[in-house]
Amino acid sequence: MNGGHMVNAVRVGVEWINIYPQNDAECPAVPNLRFAGDCAEGFLLAMRSCGHDDIFDWGNDNAWSADFDHPDFGGDSLRWSDNVHFCYVAGHGGSTYTSDPFAAFNIGFSSRHVDPGFLKCRSISSRWRLGSNRLKWFAIDSCDIVSDTVAEHIVKMWGGPMQGAHLLLGFIGLGRIWPTTQSRRISFALDICGGIPIANAWLDTGYSLESPDQPVRPIAIAAGFTRDEALARRDSETLDWLWFDVHATNWLAWKWRG
């Protein structure tokens, strides 16, 4: 410890959305959620208990799509989602509403907060440059960061947005947030604080059989300049790899459970 903070303290920020517009013609109506905030804040509190730095906690109307969009697309990501080392967002998500389900991913938000003329209440992955500033690890606690594990589909969806980020964590197909999920996210944080590889901890704590006929299937996607680097990050990267940068996203490597 140094001055009350860890020498390798990780900057952590979370955003979560429980409440969605139901009567706004410009924002697709989706069901409200109950536990997204509990999960995000549970993760944040656990990371803080380990000595990491709590940078932001934005929920519902205070969670803005612009916090994820890169300035090249009118966003403010370099001051928010990409100004922390570990960003975690919980809410509705999925592939964009196009004829190509592998073109981009979107996160849904409570409020518009964007200029007219673009998709409202959405942040679209084609407008992301994950890792342009500080971001190393990005967890998306939603449905469908990928719909399958086909290499072509994963690379098409995430090869562009990952621009320096080390690991992307999420779920294949349907993701569910249950009353018990908060404890899983707390366990995830405590595991990685204890030195367990990040991807392994995500798979171990994220897999869920609360609905036996439709398990929740976690996936971890690692980036690397070389194939070996991507594989090493997938299998071995811990929080101690904070300063080992991804110099170019030439390769992706992933693993999943379920």
# chains A, B, ... in the order shown; residues from 1 in each chain; ligands from 1
$ closest_atom_pairs --of "range 41-139 of chain A" --to "range 163-185 of chain A" --cutoff "8 Å" --atoms "only C-alpha atoms" --output "CSV"
residue,atom,partner,partner_atom,distance
A:Gly42,CA,A:Gln182,CA,6.0
A:Phe43,CA,A:Arg185,CA,5.3
A:Arg129,CA,A:Gln163,CA,5.4
A:Leu130,CA,A:Gln163,CA,5.2
A:Gly131,CA,A:Gly164,CA,4.1
A:Ser132,CA,A:Gly164,CA,6.1
A:Leu135,CA,A:Ala165,CA,5.8
A:Lys136,CA,A:Ala165,CA,4.4
A:Trp137,CA,A:Leu167,CA,5.0
A:Phe138,CA,A:Leu168,CA,5.0
A:Ala139,CA,A:Leu169,CA,4.5
$ residues_around --residues "range 76-90 of chain A" --least-positions-apart "5" --cutoff "9 Å" --atoms "only C-alpha atoms" --output "VMD selection string"
chain A and resid 10 to 18 35 to 37 39 to 40 43 to 44 55 to 56 65 to 71 107 128 to 142 242
$ write_last_selection --atoms "N, CA and C atoms" --output "CSV table (one decimal), in the first residue's frame"
chain,number,residue,atom,x,y,z
A,10,VAL,N,-6.6,-0.1,-9.3
A,10,VAL,CA,-7.4,0.0,-10.6
A,10,VAL,C,-8.5,1.0,-10.4
A,11,ARG,N,-8.6,1.9,-11.4
A,11,ARG,CA,-9.7,2.8,-11.5
A,11,ARG,C,-10.9,2.1,-12.0
A,12,VAL,N,-12.0,2.2,-11.2
A,12,VAL,CA,-13.3,1.4,-11.6
A,12,VAL,C,-14.4,2.4,-11.7
A,13,GLY,N,-15.2,2.2,-12.8
A,13,GLY,CA,-16.5,2.9,-12.9
A,13,GLY,C,-17.6,2.0,-13.4
A,14,VAL,N,-18.8,2.2,-12.9
A,14,VAL,CA,-19.9,1.4,-13.2
A,14,VAL,C,-21.1,2.3,-13.7
A,15,GLU,N,-21.9,1.7,-14.6
A,15,GLU,CA,-23.2,2.3,-15.0
A,15,GLU,C,-24.2,1.2,-15.0
A,16,TRP,N,-25.4,1.6,-14.7
A,16,TRP,CA,-26.5,0.6,-14.7
A,16,TRP,C,-27.8,1.3,-15.0
A,17,ILE,N,-28.7,0.5,-15.6
A,17,ILE,CA,-30.0,1.0,-16.0
A,17,ILE,C,-31.1,0.0,-15.6
A,18,ASN,N,-32.0,0.4,-14.7
A,18,ASN,CA,-33.1,-0.4,-14.3
A,18,ASN,C,-34.4,0.1,-15.0
A,35,PHE,N,-32.6,-5.6,-10.9
A,35,PHE,CA,-31.4,-5.9,-10.1
A,35,PHE,C,-30.1,-5.4,-10.8
A,36,ALA,N,-30.2,-4.7,-11.9
A,36,ALA,CA,-29.0,-4.2,-12.6
A,36,ALA,C,-28.1,-3.3,-11.7
A,37,GLY,N,-28.8,-2.4,-11.0
A,37,GLY,CA,-28.0,-1.5,-10.1
A,37,GLY,C,-27.4,-2.3,-8.9
A,39,CYS,N,-26.3,-5.3,-9.0
A,39,CYS,CA,-25.1,-6.0,-9.5
A,39,CYS,C,-23.9,-5.1,-9.7
A,40,ALA,N,-24.2,-4.0,-10.4
A,40,ALA,CA,-23.1,-3.0,-10.7
A,40,ALA,C,-22.5,-2.5,-9.4
A,43,PHE,N,-20.4,-5.1,-7.4
A,43,PHE,CA,-19.1,-5.2,-8.0
A,43,PHE,C,-18.2,-4.0,-7.6
A,44,LEU,N,-18.7,-2.8,-7.7
A,44,LEU,CA,-18.0,-1.6,-7.4
A,44,LEU,C,-17.6,-1.6,-5.9
A,55,ILE,N,-14.4,5.5,-9.1
A,55,ILE,CA,-14.3,6.7,-9.9
A,55,ILE,C,-15.7,7.3,-10.3
A,56,PHE,N,-16.6,6.4,-10.7
A,56,PHE,CA,-18.0,6.8,-10.9
A,56,PHE,C,-19.0,5.7,-10.8
A,65,SER,N,-25.6,7.5,-22.8
A,65,SER,CA,-25.0,6.7,-23.9
A,65,SER,C,-23.7,7.4,-24.3
A,66,ALA,N,-23.6,8.7,-24.2
A,66,ALA,CA,-22.4,9.4,-24.6
A,66,ALA,C,-21.2,9.0,-23.8
A,67,ASP,N,-21.4,8.4,-22.6
A,67,ASP,CA,-20.3,8.0,-21.8
A,67,ASP,C,-19.5,6.9,-22.4
A,68,PHE,N,-20.1,6.2,-23.4
A,68,PHE,CA,-19.4,5.1,-24.1
A,68,PHE,C,-19.0,5.4,-25.6
A,69,ASP,N,-19.6,6.4,-26.2
A,69,ASP,CA,-19.3,6.8,-27.5
A,69,ASP,C,-18.0,7.6,-27.6
A,70,HIS,N,-17.2,7.3,-28.5
A,70,HIS,CA,-15.9,8.0,-28.7
A,70,HIS,C,-16.1,9.4,-29.2
A,71,PRO,N,-15.3,10.3,-28.9
A,71,PRO,CA,-15.4,11.7,-29.4
A,71,PRO,C,-15.5,11.8,-30.9
A,107,ILE,N,-26.1,-0.9,-26.2
A,107,ILE,CA,-26.6,-0.9,-24.8
A,107,ILE,C,-27.8,0.1,-24.8
A,128,TRP,N,-17.7,3.0,-30.6
A,128,TRP,CA,-16.8,2.8,-29.5
A,128,TRP,C,-15.4,2.6,-30.0
A,129,ARG,N,-14.4,3.0,-29.2
A,129,ARG,CA,-13.0,2.7,-29.4
A,129,ARG,C,-12.4,2.3,-28.0
A,130,LEU,N,-12.8,1.1,-27.6
A,130,LEU,CA,-12.5,0.7,-26.3
A,130,LEU,C,-11.0,0.5,-26.0
A,131,GLY,N,-10.4,1.3,-25.1
A,131,GLY,CA,-9.0,1.3,-24.9
A,131,GLY,C,-8.3,2.5,-25.4
A,132,SER,N,-9.0,3.4,-26.0
A,132,SER,CA,-8.3,4.6,-26.6
A,132,SER,C,-7.6,5.4,-25.5
A,133,ASN,N,-8.1,5.4,-24.3
A,133,ASN,CA,-7.5,6.1,-23.2
A,133,ASN,C,-7.0,5.2,-22.2
A,134,ARG,N,-7.7,4.9,-21.1
A,134,ARG,CA,-7.2,4.1,-20.0
A,134,ARG,C,-7.8,2.7,-20.0
A,135,LEU,N,-8.9,2.4,-20.6
A,135,LEU,CA,-9.7,1.2,-20.4
A,135,LEU,C,-8.9,-0.1,-20.7
A,136,LYS,N,-8.9,-1.0,-19.8
A,136,LYS,CA,-8.3,-2.3,-20.0
A,136,LYS,C,-9.3,-3.4,-20.0
A,137,TRP,N,-10.3,-3.3,-19.1
A,137,TRP,CA,-11.3,-4.4,-19.0
A,137,TRP,C,-12.7,-3.8,-19.0
A,138,PHE,N,-13.6,-4.5,-19.8
A,138,PHE,CA,-14.9,-4.0,-20.0
A,138,PHE,C,-15.9,-5.1,-19.8
A,139,ALA,N,-16.7,-5.0,-18.8
A,139,ALA,CA,-17.8,-6.1,-18.5
A,139,ALA,C,-19.1,-5.5,-18.9
A,140,ILE,N,-19.8,-6.3,-19.7
A,140,ILE,CA,-21.2,-5.9,-20.2
A,140,ILE,C,-22.2,-6.9,-19.6
A,141,ASP,N,-22.9,-6.5,-18.6
A,141,ASP,CA,-23.8,-7.5,-17.9
A,141,ASP,C,-25.2,-7.3,-18.6
A,142,SER,N,-25.3,-7.9,-19.7
A,142,SER,CA,-26.6,-7.8,-20.5
A,142,SER,C,-26.7,-9.1,-21.4
A,242,LEU,N,-2.1,-4.7,-15.6
A,242,LEU,CA,-2.6,-3.4,-15.8
A,242,LEU,C,-1.8,-2.6,-16.8
$ select_by_dssp --residues "range 5-250 of chain A" --states "strand (DSSP E)" --output "number ranges by chain"
A: 11-16, 53-59, 86-90, 93-95, 105-108, 122-124, 137-141, 167-172, 217-224
$ write_last_selection --atoms "N, CA and C atoms" --output "compact mmCIF listing (two decimals), in the first residue's frame"
# COMPACT_ATOMS: atom_id res chain seq x y z
N ARG A 11 -8.59 1.85 -11.43
CA ARG A 11 -9.69 2.81 -11.48
C ARG A 11 -10.94 2.09 -11.99
N VAL A 12 -12.03 2.18 -11.24
CA VAL A 12 -13.25 1.42 -11.55
C VAL A 12 -14.43 2.38 -11.71
N GLY A 13 -15.22 2.17 -12.75
CA GLY A 13 -16.46 2.91 -12.95
C GLY A 13 -17.57 1.99 -13.37
N VAL A 14 -18.79 2.24 -12.88
CA VAL A 14 -19.93 1.40 -13.23
C VAL A 14 -21.10 2.27 -13.69
N GLU A 15 -21.89 1.72 -14.59
CA GLU A 15 -23.15 2.33 -14.98
C GLU A 15 -24.21 1.23 -15.02
N TRP A 16 -25.44 1.61 -14.72
CA TRP A 16 -26.51 0.61 -14.66
C TRP A 16 -27.83 1.27 -14.99
N ASP A 53 -9.88 2.08 -6.82
CA ASP A 53 -10.40 3.44 -6.82
C ASP A 53 -11.80 3.52 -7.44
N ASP A 54 -12.75 4.00 -6.67
CA ASP A 54 -14.15 4.19 -7.10
C ASP A 54 -14.24 5.54 -7.80
N ILE A 55 -14.36 5.52 -9.14
CA ILE A 55 -14.32 6.75 -9.93
C ILE A 55 -15.72 7.25 -10.26
N PHE A 56 -16.63 6.38 -10.68
CA PHE A 56 -18.01 6.83 -10.93
C PHE A 56 -18.99 5.68 -10.78
N ASP A 57 -20.22 6.07 -10.48
CA ASP A 57 -21.35 5.14 -10.31
C ASP A 57 -22.59 5.87 -10.82
N TRP A 58 -22.93 5.66 -12.09
CA TRP A 58 -24.06 6.36 -12.71
C TRP A 58 -25.18 5.37 -12.99
N GLY A 59 -26.41 5.72 -12.57
CA GLY A 59 -27.54 4.84 -12.79
C GLY A 59 -28.74 5.55 -13.40
N PHE A 86 -11.26 -0.35 -15.37
CA PHE A 86 -12.27 -1.41 -15.40
C PHE A 86 -13.64 -0.74 -15.41
N CYS A 87 -14.35 -0.89 -16.50
CA CYS A 87 -15.70 -0.36 -16.62
C CYS A 87 -16.69 -1.52 -16.66
N TYR A 88 -17.76 -1.38 -15.89
CA TYR A 88 -18.80 -2.41 -15.80
C TYR A 88 -20.14 -1.72 -16.06
N VAL A 89 -20.92 -2.26 -16.97
CA VAL A 89 -22.25 -1.70 -17.26
C VAL A 89 -23.27 -2.83 -17.20
N ALA A 90 -24.41 -2.56 -16.55
CA ALA A 90 -25.48 -3.56 -16.43
C ALA A 90 -26.78 -2.97 -16.94
N GLY A 93 -29.09 -5.09 -23.46
CA GLY A 93 -28.17 -4.98 -24.58
C GLY A 93 -28.45 -6.05 -25.60
N GLY A 94 -27.88 -5.89 -26.78
CA GLY A 94 -28.06 -6.87 -27.83
C GLY A 94 -27.55 -6.35 -29.15
N SER A 95 -27.70 -7.15 -30.20
CA SER A 95 -27.27 -6.71 -31.53
C SER A 95 -28.17 -5.57 -31.99
N PHE A 105 -23.20 -4.06 -31.60
CA PHE A 105 -23.89 -4.31 -30.35
C PHE A 105 -24.40 -2.97 -29.81
N ASN A 106 -25.49 -3.01 -29.04
CA ASN A 106 -25.96 -1.77 -28.44
C ASN A 106 -26.35 -1.98 -26.99
N ILE A 107 -26.14 -0.92 -26.18
CA ILE A 107 -26.61 -0.86 -24.80
C ILE A 107 -27.78 0.11 -24.76
N GLY A 108 -28.85 -0.26 -24.03
CA GLY A 108 -30.01 0.61 -23.88
C GLY A 108 -29.89 1.49 -22.65
N ARG A 122 -29.61 4.72 -26.98
CA ARG A 122 -28.74 3.61 -27.35
C ARG A 122 -27.31 4.10 -27.48
N SER A 123 -26.37 3.27 -27.09
CA SER A 123 -24.98 3.45 -27.46
C SER A 123 -24.59 2.26 -28.32
N ILE A 124 -24.01 2.53 -29.47
CA ILE A 124 -23.76 1.50 -30.47
C ILE A 124 -22.26 1.22 -30.55
N TRP A 137 -10.35 -3.32 -19.12
CA TRP A 137 -11.30 -4.42 -18.97
C TRP A 137 -12.71 -3.85 -18.99
N PHE A 138 -13.58 -4.45 -19.80
CA PHE A 138 -14.94 -3.95 -19.98
C PHE A 138 -15.91 -5.11 -19.80
N ALA A 139 -16.75 -5.03 -18.77
CA ALA A 139 -17.76 -6.06 -18.51
C ALA A 139 -19.13 -5.51 -18.89
N ILE A 140 -19.84 -6.25 -19.73
CA ILE A 140 -21.19 -5.87 -20.16
C ILE A 140 -22.15 -6.91 -19.62
N ASP A 141 -22.89 -6.53 -18.58
CA ASP A 141 -23.81 -7.45 -17.91
C ASP A 141 -25.18 -7.30 -18.57
N LEU A 167 -9.55 -7.12 -22.29
CA LEU A 167 -10.55 -8.18 -22.18
C LEU A 167 -11.95 -7.58 -22.20
N LEU A 168 -12.83 -8.24 -22.92
CA LEU A 168 -14.26 -7.92 -22.95
C LEU A 168 -15.00 -9.10 -22.32
N LEU A 169 -15.87 -8.81 -21.35
CA LEU A 169 -16.59 -9.84 -20.62
C LEU A 169 -18.08 -9.65 -20.83
N GLY A 170 -18.78 -10.74 -21.09
CA GLY A 170 -20.22 -10.63 -21.30
C GLY A 170 -20.86 -12.01 -21.36
N PHE A 171 -21.95 -12.08 -22.14
CA PHE A 171 -22.74 -13.31 -22.18
C PHE A 171 -23.14 -13.65 -23.61
N ILE A 172 -23.22 -14.95 -23.87
CA ILE A 172 -23.68 -15.47 -25.16
C ILE A 172 -25.19 -15.58 -25.11
N ARG A 217 -24.75 -18.11 -20.12
CA ARG A 217 -23.45 -18.58 -20.60
C ARG A 217 -22.46 -17.41 -20.72
N PRO A 218 -21.51 -17.29 -19.82
CA PRO A 218 -20.53 -16.21 -19.90
C PRO A 218 -19.47 -16.47 -20.95
N ILE A 219 -18.91 -15.38 -21.47
CA ILE A 219 -17.82 -15.45 -22.44
C ILE A 219 -16.81 -14.35 -22.11
N ALA A 220 -15.54 -14.64 -22.34
CA ALA A 220 -14.46 -13.67 -22.18
C ALA A 220 -13.69 -13.61 -23.49
N ILE A 221 -13.52 -12.40 -24.02
CA ILE A 221 -12.84 -12.17 -25.30
C ILE A 221 -11.59 -11.34 -25.03
N ALA A 222 -10.42 -11.87 -25.39
CA ALA A 222 -9.15 -11.20 -25.16
C ALA A 222 -8.57 -10.71 -26.47
N ALA A 223 -7.86 -9.58 -26.41
CA ALA A 223 -7.21 -9.01 -27.58
C ALA A 223 -5.70 -9.14 -27.44
N GLY A 224 -5.02 -9.15 -28.58
CA GLY A 224 -3.57 -9.19 -28.55
C GLY A 224 -2.96 -8.73 -29.85
$ atom_distance --atom1 "CA of Phe188 in chain A" --atom2 "CA of Arg257 in chain A"
15.0 Å
$ atom_distance --atom1 "CA of Met162 in chain A" --atom2 "CA of Thr249 in chain A"
6.8 Å
$ closest_residue --among "A:Val216, A:Cys143, A:Cys193, A:Ala201" --to "Ala9 in chain A" --atoms "only C-alpha atoms"
A:Cys193
$ select_by_dssp --residues "range 91-213 of chain A" --states "alpha helix (DSSP H)" --output "VMD selection string"
chain A and resid 151 to 158 181 to 193 198 to 206
$ write_last_selection --atoms "C-alpha atoms" --output "JSON list (two decimals), in the first residue's frame"
[["chain", "number", "residue", "atom", "x", "y", "z"],
["A", 151, "ALA", "CA", -15.08, -16.93, -35.04],
["A", 152, "GLU", "CA", -16.24, -14.87, -38.00],
["A", 153, "HIS", "CA", -19.13, -13.42, -35.99],
["A", 154, "ILE", "CA", -17.06, -12.55, -32.90],
["A", 155, "VAL", "CA", -14.30, -10.90, -34.91],
["A", 156, "LYS", "CA", -16.81, -8.94, -36.98],
["A", 157, "MET", "CA", -18.61, -7.71, -33.87],
["A", 158, "TRP", "CA", -15.62, -6.86, -31.65],
["A", 181, "THR", "CA", -26.73, -12.37, -9.28],
["A", 182, "GLN", "CA", -25.39, -9.57, -7.11],
["A", 183, "SER", "CA", -23.49, -12.08, -4.99],
["A", 184, "ARG", "CA", -21.97, -13.53, -8.18],
["A", 185, "ARG", "CA", -20.65, -10.11, -9.22],
["A", 186, "ILE", "CA", -19.28, -9.51, -5.73],
["A", 187, "SER", "CA", -17.58, -12.91, -5.90],
["A", 188, "PHE", "CA", -16.16, -12.01, -9.31],
["A", 189, "ALA", "CA", -14.61, -8.82, -7.92],
["A", 190, "LEU", "CA", -13.19, -10.56, -4.87],
["A", 191, "ASP", "CA", -11.77, -13.36, -7.03],
["A", 192, "ILE", "CA", -9.90, -10.99, -9.33],
["A", 193, "CYS", "CA", -8.72, -8.97, -6.34],
["A", 198, "ILE", "CA", -9.95, -12.29, -14.94],
["A", 199, "ALA", "CA", -11.45, -14.44, -17.70],
["A", 200, "ASN", "CA", -11.50, -17.53, -15.47],
["A", 201, "ALA", "CA", -13.18, -15.63, -12.65],
["A", 202, "TRP", "CA", -15.84, -14.28, -15.04],
["A", 203, "LEU", "CA", -16.67, -17.76, -16.34],
["A", 204, "ASP", "CA", -16.65, -19.31, -12.87],
["A", 205, "THR", "CA", -18.94, -16.72, -11.30],
["A", 206, "GLY", "CA", -21.03, -15.83, -14.36]]
$ closest_residue --among "A:Ala25, A:Ile19, A:Thr96, A:Arg34" --to "Asp144 in chain A" --atoms "only C-alpha atoms"
A:Thr96
